[in-house]
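Asks: Supplied in structure tokens, the structure appears directly below.
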Amino acid sequence: MKTIPTLGEILQAQGVSRRGFMKYCAATASLLALPPAMVPRIAQALEQARRPSVIWLSFQECTGCTESLTRSSSPTLEGLIFDSISLDYHHTLQAASGDAAEAARHAAMQENMGKYLVLVDGSIPMANPGYSTIAGISNYDMLMETVEGAAAVVAIGSCAAFGGIPGANPNPTGAVSVSDLVKDKAVVNVPGCPPIPMVITAVLAQFLTFGQLPDLDVHGRPVAFFGQTIHDRCYRRPFYEQGKFAETFDDEGARKGWCLYKLGCKGPITYNACATVKWNAGTSFPIESGHPCLGCSEPGFWDKGGFYNPISTADIGSGAGLAGAAVAGVALGAAAATLSRKRQQKTIKEG
Amino acid sequence: MDLLDFARGPALQVAIYVFIAGSLWRILGVLLLQRKPDHSEARQSGGFRGALKVIWSRSFTAPAFAKQTKYPKILGYILHIGLFITVFFFVPHIVFIKGLFGIGWPGLPNNAIYFVGVVTVAVGIALLIRRMTHPVLRLISNFDDYFSWLVTMLPLITGLIMPIRFGVRYETLLAIHILSVALLLIWLPFSKLAHTYFVFISRGTTGALLERRGART
């Protein structure tokens with residue numbers, strides 16, 4: 001009988017040292033805000049975990065989320081662990097296509113009923129089922145059929161979590177998020193455009209370790225990664241407090257690495273771990289490269305005004321509206337004065 | 001649309017419209033009133049000069065009252081200057097104004113603004129306590145006075161809470177702060193807070209009149 005290898009055995013076979021594995025467990029514990037005493041438990045659980053079946057559904061998306069994950073500067077340990085899950089269905093990565101691919105999905109669902117994880121990237125078009133189909137199946141039907149026997153659902157990226165760019169105004173496809181449709185299963189949102197690979201793997205690691213999903217914030221995001229704003233953890237924060245700002249992308253302030261608030265940085269209202277976990281194996285994050293945070297892990301970030309408009313700017317409507325208010329004010333003032341004059345004259349006449 | 005989008009969008013938009021329409025209504029309503037005919041011969045010419053003179057001179061207490069008005073006068077000055085600094089020298093506010101009118105100026109470091117803000121709130125509370133305990137002031141105070149105080153202090157207090165948070169999300173506090181400003185803009189033209197502009201109109205009118213009559217101002 002074929003035995004399913006544990007993650008520990010797989011990692012050992014791939015040449016991952018015990019030290020490297022423990023470092024990953026410590027980093028994961030730290031990211032999840034767990035005490036150091038939990039590191040051995042994470043290590044033990046991960047080593048003994050059987051490859052969980054994962055079905056990855058891609059709907060209205062750009063494949064950026066998959067790109068983010070697969071290009072997580074291989075070979076990182078989290079990449080290997082991700083390789084070590086049983087990714088039974090993924091359009092971009094799987095070799096099979098057509099009926100064979102759909103058969104793999106059904107087989108994974110039947111063999112792991114109630115235990116498999118569903119990872120979704122992309123939003124679901126509700127205006128017309130024909131807008132996005134896979135093997136002739138609408139995104140909605142595929143999602144609802146697949147999540148039925150799932151242990152949990154993870155919405156990867158801002159499209160799956162909040163509708164993303166397909167859901168941006170005017171939302172021609174009627175795009176909705178996974179949590180708009182899946183109400184009877186736990187849905188974890190891991191937003192970002194794309195999301196940080198380490199965050200995805202840490203959510204999976206927590207599920208494998210404790211058999212439960214992480215604590216979530218009001219938008220269904222793991223608090224461990226989305227509990228603080230970019231602004232709170234930004235290395236440029238002292239410049240914000242000192243009132244030192246880059247005014248343009250090539251001025252002295254920009255060269256000196258001053259705060260990007262005036263260039264539209266959405267860091268103060270964006271909850272994500274970019275400033276701490278960073279990107280490209282901890283190399284940097286967008287602000288470190290001199291670009292303001294776009295707020296890509298927040299709901300509806302495409303429609304929150306221009307990317308380069310500071311967050312303290314407001315939309316007060318058109319000049320016509322202001323002119324209209326002024327005209328109304330002048331008319332009311334003139335009318336009030338006329339009434340008063342009439343009253344005054346009446347009083348004078350009456351003596 | 002979340003709370004912040006609502007605050008930054010429709011709420012602020014309506015508040016600014018009401019502020020503009022309300023202010024013009026009040027100002028024109030007063031300026032276009034019929035003046036009482038003054039049949040006396042003008043003792044001095046130069047009503048405009050007299051108006052400017054009184055606008056300036058009324059900023060200082062007459063020596064006869066200097067001692068008894070020292071406390072509220074100093075606190076009043078601190079309150080108004082504090083409000084001016086926090087409103088016009090906090091960088092996000094300057095960015096907001098620049099977004100509306102296209103003009104900006106250098107701001108102060110945040111900590112300086114926080115300090116001025118705290119002092120301003122403390123002075124505001126001291127003035128409120130005085131209003132509530134002073135026998136005469138208490139008698140002549142009405143809802144307008146107390147509500148105007150609240151509406152003025154709310155943007156300051158909500159602004160000062162933002163760097164501390166108290167566990168509330170930043171965007172929620174920012175939305176509440178903007179909504180408090182919207183409330184201030186709506187309330188201002190129709191309350192005693194309209195002294196923001198009437199103070200100059202009334203002083204100027206008095207000054208012009210007194211100048212005509214040859215009074216020493």
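The chains in the structure tokens are called A, B, ... from first to last as shown; in each chain the residues are counted from 1, and the ligands are counted from 1 in the order shown.
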Find the spatial neighbours of Arg213 (chain B), counting only C-alpha atoms, within a cut-off of 12 Å - ignore same-chain residues fewer than 4 positions away - and output them as a ChimeraX atom specification.
Replies: /B:38-47,50,206-209,217
Asks: Listing only residues of chain B within 6 Å of chain A, what is the closest atom pair and its distance in Å (to one decimal) for each, using only C-alpha atoms, sorted by chain and residue number ascending, as a Markdown table?
Replies:
| residue | atom | partner | partner_atom | distance |
| --- | --- | --- | --- | --- |
| B:Arg8 | CA | A:Ala314 | CA | 5.1 |
| B:Gly9 | CA | A:Asp315 | CA | 5.2 |
| B:Gln13 | CA | A:Ile316 | CA | 4.4 |
| B:Tyr17 | CA | A:Ala325 | CA | 5.2 |
| B:Ile20 | CA | A:Ala326 | CA | 5.9 |
| B:Ala21 | CA | A:Gly329 | CA | 3.7 |
| B:Gly22 | CA | A:Gly329 | CA | 5.9 |
| B:Leu24 | CA | A:Gly329 | CA | 4.8 |
| B:Trp25 | CA | A:Gly333 | CA | 3.7 |
| B:Leu28 | CA | A:Gly333 | CA | 4.8 |
| B:Gly29 | CA | A:Gly333 | CA | 4.3 |
| B:Leu32 | CA | A:Ala337 | CA | 5.5 |
| B:Leu33 | CA | A:Ala337 | CA | 5.3 |
| B:Gln34 | CA | A:Arg341 | CA | 5.7 |
| B:Pro92 | CA | A:Ser312 | CA | 5.7 |
| B:Phe96 | CA | A:Thr313 | CA | 4.5 |
| B:Gly99 | CA | A:Thr313 | CA | 5.7 |
| B:Pro109 | CA | A:Gly243 | CA | 4.4 |
| B:Asn110 | CA | A:Glu241 | CA | 5.0 |
| B:Glu171 | CA | A:Ile269 | CA | 5.6 |
Asks: Convert the current residue selection to file output with C-alpha atoms, as a PDB file, in the first residue's frame.
Replies:
ATOM      1  CA  ARG B   8     -14.475  62.505   2.496  1.00  0.00           C
ATOM      2  CA  GLY B   9     -17.097  62.516  -0.246  1.00  0.00           C
ATOM      3  CA  GLN B  13     -19.392  68.063  -0.023  1.00  0.00           C
ATOM      4  CA  TYR B  17     -22.189  73.677   0.142  1.00  0.00           C
ATOM      5  CA  ILE B  20     -20.918  78.599   1.433  1.00  0.00           C
ATOM      6  CA  ALA B  21     -24.660  79.121   0.986  1.00  0.00           C
ATOM      7  CA  GLY B  22     -25.238  79.735   4.705  1.00  0.00           C
ATOM      8  CA  LEU B  24     -23.428  84.253   2.027  1.00  0.00           C
ATOM      9  CA  TRP B  25     -27.014  84.181   3.233  1.00  0.00           C
ATOM     10  CA  LEU B  28     -25.721  89.492   2.693  1.00  0.00           C
ATOM     11  CA  GLY B  29     -28.778  89.306   4.928  1.00  0.00           C
ATOM     12  CA  LEU B  32     -28.325  94.529   2.743  1.00  0.00           C
ATOM     13  CA  LEU B  33     -30.409  95.565   5.749  1.00  0.00           C
ATOM     14  CA  GLN B  34     -31.862  99.034   5.602  1.00  0.00           C
ATOM     15  CA  PRO B  92      -2.315  66.899   6.119  1.00  0.00           C
ATOM     16  CA  PHE B  96      -6.277  69.195   1.990  1.00  0.00           C
ATOM     17  CA  GLY B  99      -6.276  69.973  -3.029  1.00  0.00           C
ATOM     18  CA  PRO B 109       6.348  69.097  12.698  1.00  0.00           C
ATOM     19  CA  ASN B 110       3.545  66.902  13.988  1.00  0.00           C
ATOM     20  CA  GLU B 171      -9.544  55.123   8.982  1.00  0.00           C
TER      21      GLU B 171
END
Asks: CA of Ala275 (chain A) and CA of Glu288 (chain A) are how many Å apart?
Replies: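 That distance, rounded to one decimal, is 8.7 Å.
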Asks: Using DSSP on the backbone coordinates, identify the residues of region 99-158 of chain B assigned to helix (DSSP H, G or I); present them as a PyMOL selection string.
Replies: chain B and resi 99-101+110-133+135-140+143-158
Asks: So which one's closest to Leu127 (chain B), B:Lys53, B:Lys73, B:Lys192, B:Arg203? Using only C-alpha atoms, please.
Replies: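 Of all the options, B:Lys73 lies closest to Leu127 (chain B).
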Asks: Could you write out, as a count of residues only, all the residues of region 80-303 of chain A that DSSP marks as strand (DSSP E or B)?
Replies: 35
Asks: Just the number, please: distance in Å from CA of Ile97 (chain B) to CA of Ile16 (chain B), one decimal.
Replies: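 These atoms are spaced 12.7 Å apart.
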Asks: Could you tell me how far CA of Gly136 (chain A) lies from CA of Ser58 (chain A), in Å and to one decimal?
Replies: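 Atom-to-atom, CA of Gly136 (chain A) to CA of Ser58 (chain A), that is 14.2 Å.
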